[in-house]
>>> print(open('start03.pdb').read())   # PDB, C-alpha atoms
ATOM      1  CA  THR A 126     -45.733   0.129  15.389
ATOM      2  CA  LEU A 127     -42.950   1.600  17.508
ATOM      3  CA  SER A 128     -42.623   4.423  14.973
ATOM      4  CA  ASP A 129     -46.416   4.944  15.260
ATOM      5  CA  LEU A 130     -45.963   5.158  18.999
ATOM      6  CA  ALA A 131     -43.185   7.735  18.663
ATOM      7  CA  SER A 132     -45.179   9.868  16.219
ATOM      8  CA  GLU A 133     -48.575   9.747  17.995
ATOM      9  CA  VAL A 134     -47.589   9.964  21.651
ATOM     10  CA  PRO A 135     -45.999  13.088  23.177
ATOM     11  CA  SER A 136     -42.334  12.371  23.889
ATOM     12  CA  GLN A 137     -42.624  13.290  27.581
ATOM     13  CA  THR A 138     -45.513  10.816  28.004
ATOM     14  CA  LEU A 139     -43.543   8.129  26.195
ATOM     15  CA  ILE A 140     -40.468   8.742  28.350
ATOM     16  CA  SER A 141     -42.610   8.614  31.482
ATOM     17  CA  ASN A 142     -44.321   5.373  30.376
ATOM     18  CA  CYS A 143     -40.953   3.778  29.542
ATOM     19  CA  ALA A 144     -39.638   4.771  32.979
ATOM     20  CA  GLU A 145     -42.726   3.264  34.639
ATOM     21  CA  LEU A 146     -42.280   0.027  32.681
ATOM     22  CA  ALA A 147     -38.595  -0.089  33.680
ATOM     23  CA  ILE A 148     -39.565   0.299  37.351
ATOM     24  CA  LYS A 149     -42.242  -2.398  36.996
ATOM     25  CA  ILE A 150     -39.689  -4.778  35.476
ATOM     26  CA  GLU A 151     -37.049  -3.947  38.072
ATOM     27  CA  THR A 152     -39.361  -4.427  41.062
ATOM     28  CA  ALA A 153     -41.557  -7.229  39.704
ATOM     29  CA  THR A 154     -41.860 -10.575  41.374
ATOM     30  CA  PRO A 155     -40.670 -13.457  39.176
ATOM     31  CA  SER A 156     -44.234 -14.388  38.226
ATOM     32  CA  ARG A 157     -45.165 -10.771  37.385
ATOM     33  CA  LEU A 158     -41.961 -10.361  35.366
ATOM     34  CA  ARG A 159     -42.833 -13.533  33.478
ATOM     35  CA  ASP A 160     -46.265 -12.072  32.674
ATOM     36  CA  ILE A 161     -44.738  -8.803  31.405
ATOM     37  CA  LEU A 162     -42.215 -10.616  29.197
ATOM     38  CA  LEU A 163     -44.798 -13.069  27.870
ATOM     39  CA  GLY A 164     -47.068 -10.088  27.208
ATOM     40  CA  VAL A 165     -44.653  -8.850  24.546
ATOM     41  CA  ASN A 166     -43.894 -12.378  23.294
ATOM     42  CA  LEU A 167     -40.259 -12.154  24.358
ATOM     43  CA  GLN A 168     -38.186 -15.074  23.135
ATOM     44  CA  ILE A 169     -34.537 -15.619  23.935
ATOM     45  CA  LYS A 170     -32.469 -17.987  21.829
ATOM     46  CA  LEU A 171     -28.953 -18.983  22.759
ATOM     47  CA  ALA A 172     -26.687 -20.171  19.928
ATOM     48  CA  ASP A 173     -22.979 -21.010  19.967
ATOM     49  CA  ASP A 174     -21.987 -17.502  18.894
ATOM     50  CA  ALA A 175     -24.918 -15.208  19.747
ATOM     51  CA  ILE A 176     -27.953 -14.513  21.898
ATOM     52  CA  SER A 177     -31.068 -13.442  20.027
ATOM     53  CA  LEU A 178     -33.907 -11.560  21.675
ATOM     54  CA  SER A 179     -37.148 -11.169  19.772
ATOM     55  CA  PHE A 180     -40.362  -9.493  20.813
ATOM     56  CA  ASP A 181     -43.599  -8.269  19.309
ATOM     57  CA  ALA A 182     -43.189  -4.518  18.784
ATOM     58  CA  SER A 183     -46.927  -3.889  18.510
ATOM     59  CA  LYS A 184     -47.532  -5.524  21.900
ATOM     60  CA  LEU A 185     -44.711  -3.493  23.422
ATOM     61  CA  ALA A 186     -46.214  -0.301  21.929
ATOM     62  CA  GLN A 187     -49.626  -1.284  23.324
ATOM     63  CA  HIS A 188     -48.039  -1.953  26.717
ATOM     64  CA  LEU A 189     -46.306   1.441  26.740
ATOM     65  CA  TYR A 190     -49.375   3.361  25.639
ATOM     66  CA  PRO A 191     -52.638   1.402  25.901
ATOM     67  CA  LYS A 192     -54.682   4.144  24.123
ATOM     68  CA  LEU A 193     -52.674   3.660  20.930
ATOM     69  CA  ASN A 194     -54.601   1.803  18.241
ATOM     70  CA  VAL A 195     -52.094  -0.711  16.935
ATOM     71  CA  SER A 196     -53.343  -2.361  13.784
ATOM     72  CA  GLU A 197     -50.292  -4.494  13.019
ATOM     73  CA  ARG A 198     -50.109  -7.840  14.701
ATOM     74  CA  ASN A 199     -47.058  -9.948  15.257
ATOM     75  CA  SER A 200     -44.533  -7.320  14.167
ATOM     76  CA  ASN A 201     -41.475  -9.082  15.532
ATOM     77  CA  VAL A 202     -38.217  -7.293  16.216
ATOM     78  CA  THR A 203     -35.092  -9.400  16.681
ATOM     79  CA  ILE A 204     -31.895  -8.224  18.302
ATOM     80  CA  SER A 205     -28.813 -10.453  18.066
ATOM     81  CA  ILE A 206     -25.818  -9.969  20.293
ATOM     82  CA  ALA A 207     -22.538 -11.713  19.437
ATOM     83  CA  MET A 208     -21.002 -13.620  22.334
ATOM     84  CA  THR A 209     -18.877 -16.593  23.262
ATOM     85  CA  LEU A 210     -18.826 -18.900  26.243
ATOM     86  CA  ALA A 211     -15.611 -18.665  28.235
ATOM     87  CA  LYS A 212     -14.448 -20.714  31.153
ATOM     88  CA  ARG A 213     -13.137 -18.673  34.052
ATOM     89  CA  GLY A 214     -11.967 -20.920  36.829
ATOM     90  CA  GLN A 215     -14.905 -23.213  37.506
ATOM     91  CA  GLU A 216     -17.403 -20.687  36.141
ATOM     92  CA  LEU A 217     -18.747 -20.527  32.621
ATOM     93  CA  ARG A 218     -19.281 -16.912  31.538
ATOM     94  CA  LEU A 219     -20.967 -15.235  28.622
ATOM     95  CA  VAL A 220     -18.491 -12.877  26.986
ATOM     96  CA  PHE A 221     -20.157 -10.331  24.746
ATOM     97  CA  ALA A 222     -18.381  -8.941  21.713
ATOM     98  CA  SER A 223     -18.098  -5.203  22.077
ATOM     99  CA  SER A 224     -18.057  -2.659  19.298
ATOM    100  CA  GLU A 225     -16.468  -0.262  21.754
ATOM    101  CA  PRO A 226     -12.751  -0.487  22.545
ATOM    102  CA  VAL A 227     -13.425   0.250  26.228
ATOM    103  CA  GLN A 228     -14.190  -2.793  28.348
ATOM    104  CA  THR A 229     -16.652  -2.904  31.187
ATOM    105  CA  LYS A 230     -14.834  -2.665  34.498
ATOM    106  CA  ARG A 231     -14.863  -5.842  36.563
ATOM    107  CA  ILE A 232     -12.792  -5.209  39.665
ATOM    108  CA  ASP A 233     -11.723  -8.610  40.937
ATOM    109  CA  ALA A 234     -10.685  -8.480  44.592
ATOM    110  CA  LYS A 235      -9.004 -11.899  44.387
ATOM    111  CA  LEU A 236      -6.817 -10.805  41.462
ATOM    112  CA  ILE A 237      -5.871  -7.588  43.239
ATOM    113  CA  GLY A 238      -5.113  -9.549  46.405
ATOM    114  CA  LEU A 239      -2.901 -11.892  44.395
ATOM    115  CA  ILE A 240      -0.919  -8.934  43.008
ATOM    116  CA  ALA A 241      -0.426  -7.641  46.574
ATOM    117  CA  LYS A 242       0.649 -11.093  47.790
ATOM    118  CA  ALA A 243       3.115 -11.317  44.886
ATOM    119  CA  GLU A 244       4.737  -8.063  45.992
ATOM    120  CA  ALA A 245       4.966  -9.264  49.600
ATOM    121  CA  ALA A 246       6.331 -12.675  48.563
ATOM    122  CA  TYR A 247       9.025 -11.051  46.416
ATOM    123  CA  PHE A 248      10.195  -8.848  49.281
ATOM    124  CA  THR A 249      10.115 -11.786  51.731
ATOM    125  CA  LEU A 250      12.347 -13.851  49.438
ATOM    126  CA  ALA A 251      14.610 -10.905  48.494
ATOM    127  CA  SER A 252      15.159  -9.904  52.119
ATOM    128  CA  GLY A 253      16.825 -13.200  52.925
ATOM    129  CA  GLU A 254      14.301 -13.748  55.680
ATOM    130  CA  SER A 255      14.152 -17.328  56.921
ATOM    131  CA  VAL A 256      11.244 -19.110  55.241
ATOM    132  CA  PRO A 257      10.157 -22.688  55.982
ATOM    133  CA  SER A 258      11.149 -24.953  53.080
ATOM    134  CA  GLU A 259       7.561 -26.103  52.454
ATOM    135  CA  GLN A 260       6.456 -22.445  51.881
ATOM    136  CA  ARG A 261       9.325 -21.546  49.555
ATOM    137  CA  PRO A 262       7.824 -22.998  46.299
ATOM    138  CA  HIS A 263       4.523 -21.185  46.883
ATOM    139  CA  LEU A 264       6.299 -17.905  47.646
ATOM    140  CA  ALA A 265       8.444 -18.316  44.520
ATOM    141  CA  ARG A 266       5.332 -18.940  42.378
ATOM    142  CA  LEU A 267       3.751 -15.805  43.861
ATOM    143  CA  ALA A 268       6.898 -13.673  43.584
ATOM    144  CA  ARG A 269       7.225 -14.233  39.815
ATOM    145  CA  LEU A 270       3.981 -12.274  39.377
ATOM    146  CA  LYS A 271       5.831  -9.163  40.579
ATOM    147  CA  PHE A 272       7.423  -9.078  37.128
ATOM    148  CA  LEU A 273       4.186  -8.693  35.185
ATOM    149  CA  ALA A 274       4.048  -5.788  32.764
ATOM    150  CA  PRO A 275       3.058  -2.575  34.552
ATOM    151  CA  ASP A 276       0.094  -2.049  32.213
ATOM    152  CA  ILE A 277      -1.192  -5.558  33.048
ATOM    153  CA  ILE A 278      -1.060  -4.743  36.756
ATOM    154  CA  THR A 279      -2.762  -1.378  36.146
ATOM    155  CA  ALA A 280      -5.493  -3.051  34.074
ATOM    156  CA  ILE A 281      -6.124  -5.571  36.885
ATOM    157  CA  LEU A 282      -6.280  -2.814  39.511
ATOM    158  CA  GLU A 283      -8.724  -0.841  37.326
ATOM    159  CA  GLY A 284     -10.859  -3.906  36.553
ATOM    160  CA  ARG A 285     -10.008  -3.996  32.840
ATOM    161  CA  GLN A 286      -8.588  -7.534  32.730
ATOM    162  CA  PRO A 287      -9.892 -10.051  30.161
ATOM    163  CA  ALA A 288     -12.976 -11.962  31.315
ATOM    164  CA  MET A 289     -11.077 -15.261  31.277
ATOM    165  CA  LEU A 290      -8.303 -14.073  33.609
ATOM    166  CA  SER A 291      -8.907 -15.295  37.142
ATOM    167  CA  SER A 292      -6.628 -15.359  40.173
ATOM    168  CA  ARG A 293      -6.389 -19.141  39.864
ATOM    169  CA  LYS A 294      -5.389 -18.939  36.192
ATOM    170  CA  LEU A 295      -2.826 -16.225  36.928
ATOM    171  CA  LEU A 296      -1.265 -18.123  39.827
ATOM    172  CA  ARG A 297      -1.171 -21.455  37.985
ATOM    173  CA  ALA A 298       0.160 -20.053  34.712
ATOM    174  CA  THR A 299       3.409 -21.677  33.705
ATOM    175  CA  GLY A 300       5.873 -20.363  31.185
ATOM    176  CA  ILE A 301       4.977 -16.709  31.656
ATOM    177  CA  PRO A 302       7.102 -14.819  29.096
ATOM    178  CA  HIS A 303       9.672 -12.316  30.334
ATOM    179  CA  CYS A 304       8.838  -9.899  27.499
ATOM    180  CA  TRP A 305       5.994  -7.576  28.507
ATOM    181  CA  LYS A 306       4.493  -7.537  25.017
ATOM    182  CA  ALA A 307       4.457 -11.367  25.002
ATOM    183  CA  GLN A 308       2.852 -11.318  28.481
ATOM    184  CA  ARG A 309      -0.003  -9.167  27.143
ATOM    185  CA  VAL A 310      -0.629 -11.736  24.415
ATOM    186  CA  PHE A 311      -0.167 -14.665  26.823
ATOM    187  CA  PHE A 312      -2.837 -13.386  29.235
ATOM    188  CA  GLY A 313      -5.261 -12.155  26.560
ATOM    189  CA  PHE A 314      -4.779  -8.405  26.860
ATOM    190  CA  GLU A 315      -3.927  -8.199  23.123
TER     191      GLU A 315
END
>>> encode(input="start03.pdb", output="structure tokens")
Amino acid sequence: TLSDLASEVPSQTLISNCAELAIKIETATPSRLRDILLGVNLQIKLADDAISLSFDASKLAQHLYPKLNVSERNSNVTISIAMTLAKRGQELRLVFASSEPVQTKRIDAKLIGLIAKAEAAYFTLASGESVPSEQRPHLARLARLKFLAPDIITAILEGRQPAMLSSRKLLRATGIPHCWKAQRVFFGFE
């Protein structure tokens, strides 16, 4: 079905039709999007360890090029994507297993702000500046983050931190190892 489409339709026409479908999907109202997805019999199944997407390839081929005579019916294609559910603060996130070693960048302004506050807290405490006693424990908890491994700080600044690492988790972490290698393990970088 999809191979029939690729062999019978000029590639430029196919590319153009795919681009048009992408624009339709991107700009569709929720009800129109529902119609498009139901039109290809899209089904999404969520399991504990994967998301499976299945659709009827012949209906997709017909949608991309209506003049194509598709004889096969119900030629389902299933795509499974490995994932886990991870709690990040109060959020529950889908974390997809990646075959690529490079992670998607997720720059987290709160994490970056926490790193900056840690630096400021360290210098406030180290300067001997007078600090109200009720603020001292919070400043001390912040200041200890100044001693994170440089590559952990770089990863946070570049948005390459693990999906489960939030500013709340970083600030509330107790027993942070002094060894940088152990810190990478502790926070899920290794």
>>> closest_residue(input="start03.pdb", among="A:Arg266, A:Thr299, A:Asp181, A:Ala280", to="Lys242 (chain A)", atoms="only C-alpha atoms")
A:Arg266
>>> resolve_selection(input="start03.pdb", expression="the PyMOL selection byres ((chain A and resi 160-168) around 10)", output="MDAnalysis selection string")
chainID A and resid 146 149:150 153:159 169:170 177:188 199 201:203
>>> atom_distance(input="start03.pdb", atom1="CA of Ile240 (chain A)", atom2="CA of Ile278 (chain A)")
7.5 Å
>>> closest_residue(input="start03.pdb", among="A:Val220, A:Ile301, A:Ile176, A:Ala241", to="Ala288 (chain A)", atoms="only C-alpha atoms")
A:Val220
>>> resolve_selection(input="start03.pdb", expression="the PyMOL selection byres ((chain A and resi 208) around 6)", output="MDAnalysis selection string")
chainID A and resid 174:175 207 209 220:222
>>> write_last_selection(input="start03.pdb", atoms="C-alpha atoms", output="PDB file, in the coordinates of the input")
ATOM      1  CA  ASP A 174     -21.987 -17.502  18.894  1.00  0.00           C
ATOM      2  CA  ALA A 175     -24.918 -15.208  19.747  1.00  0.00           C
ATOM      3  CA  ALA A 207     -22.538 -11.713  19.437  1.00  0.00           C
ATOM      4  CA  THR A 209     -18.877 -16.593  23.262  1.00  0.00           C
ATOM      5  CA  VAL A 220     -18.491 -12.877  26.986  1.00  0.00           C
ATOM      6  CA  PHE A 221     -20.157 -10.331  24.746  1.00  0.00           C
ATOM      7  CA  ALA A 222     -18.381  -8.941  21.713  1.00  0.00           C
TER       8      ALA A 222
END
>>> resolve_selection(input="start03.pdb", expression="the PyMOL selection byres ((chain A and resi 282) around 12)", output="list in words")
Lys230, Arg231, Ile232, Asp233, Ala234, Lys235, Leu236, Ile237, Gly238, Leu239, Ile240, Ala241, Pro275, Asp276, Ile277, Ile278, Thr279, Ala280, Ile281, Glu283, Gly284, Arg285 and Gln286 of chain A
>>> atom_distance(input="start03.pdb", atom1="CA of Ala243 (chain A)", atom2="CA of Leu264 (chain A)")
7.8 Å
>>> residues_around(input="start03.pdb", residues="Arg218 (chain A)", least_positions_apart="5", cutoff="12 Å", atoms="all atoms listed in the file", output="MDAnalysis selection string")
chainID A and resid 208:213 287:291
>>> closest_residue(input="start03.pdb", among="A:Ala147, A:Ala246, A:Ile204, A:Ala307", to="Gln260 (chain A)", atoms="only C-alpha atoms")
A:Ala246
>>> residues_near_point(input="start03.pdb", point="(9.8, -15.4, 53.7)", cutoff="12 Å", atoms="only C-alpha atoms", output="PDB file with C-alpha atoms, in the frame of the given file")
ATOM      1  CA  LYS A 242       0.649 -11.093  47.790  1.00  0.00           C
ATOM      2  CA  ALA A 243       3.115 -11.317  44.886  1.00  0.00           C
ATOM      3  CA  GLU A 244       4.737  -8.063  45.992  1.00  0.00           C
ATOM      4  CA  ALA A 245       4.966  -9.264  49.600  1.00  0.00           C
ATOM      5  CA  ALA A 246       6.331 -12.675  48.563  1.00  0.00           C
ATOM      6  CA  TYR A 247       9.025 -11.051  46.416  1.00  0.00           C
ATOM      7  CA  PHE A 248      10.195  -8.848  49.281  1.00  0.00           C
ATOM      8  CA  THR A 249      10.115 -11.786  51.731  1.00  0.00           C
ATOM      9  CA  LEU A 250      12.347 -13.851  49.438  1.00  0.00           C
ATOM     10  CA  ALA A 251      14.610 -10.905  48.494  1.00  0.00           C
ATOM     11  CA  SER A 252      15.159  -9.904  52.119  1.00  0.00           C
ATOM     12  CA  GLY A 253      16.825 -13.200  52.925  1.00  0.00           C
ATOM     13  CA  GLU A 254      14.301 -13.748  55.680  1.00  0.00           C
ATOM     14  CA  SER A 255      14.152 -17.328  56.921  1.00  0.00           C
ATOM     15  CA  VAL A 256      11.244 -19.110  55.241  1.00  0.00           C
ATOM     16  CA  PRO A 257      10.157 -22.688  55.982  1.00  0.00           C
ATOM     17  CA  SER A 258      11.149 -24.953  53.080  1.00  0.00           C
ATOM     18  CA  GLU A 259       7.561 -26.103  52.454  1.00  0.00           C
ATOM     19  CA  GLN A 260       6.456 -22.445  51.881  1.00  0.00           C
ATOM     20  CA  ARG A 261       9.325 -21.546  49.555  1.00  0.00           C
ATOM     21  CA  PRO A 262       7.824 -22.998  46.299  1.00  0.00           C
ATOM     22  CA  HIS A 263       4.523 -21.185  46.883  1.00  0.00           C
ATOM     23  CA  LEU A 264       6.299 -17.905  47.646  1.00  0.00           C
ATOM     24  CA  ALA A 265       8.444 -18.316  44.520  1.00  0.00           C
ATOM     25  CA  LEU A 267       3.751 -15.805  43.861  1.00  0.00           C
ATOM     26  CA  ALA A 268       6.898 -13.673  43.584  1.00  0.00           C
TER      27      ALA A 268
END
>>> closest_residue(input="start03.pdb", among="A:Glu315, A:Val310, A:Gln215, A:Lys271", to="Leu296 (chain A)", atoms="only C-alpha atoms")
A:Lys271
>>> atom_distance(input="start03.pdb", atom1="CA of His303 (chain A)", atom2="CA of Phe272 (chain A)")
7.9 Å
>>> closest_residue(input="start03.pdb", among="A:Leu273, A:Ala172, A:Leu189, A:Arg293", to="Glu145 (chain A)", atoms="all atoms listed in the file")
A:Leu189
>>> closest_residue(input="start03.pdb", among="A:Asn142, A:Phe314, A:Ser200, A:Leu219", to="Asp173 (chain A)", atoms="only C-alpha atoms")
A:Leu219
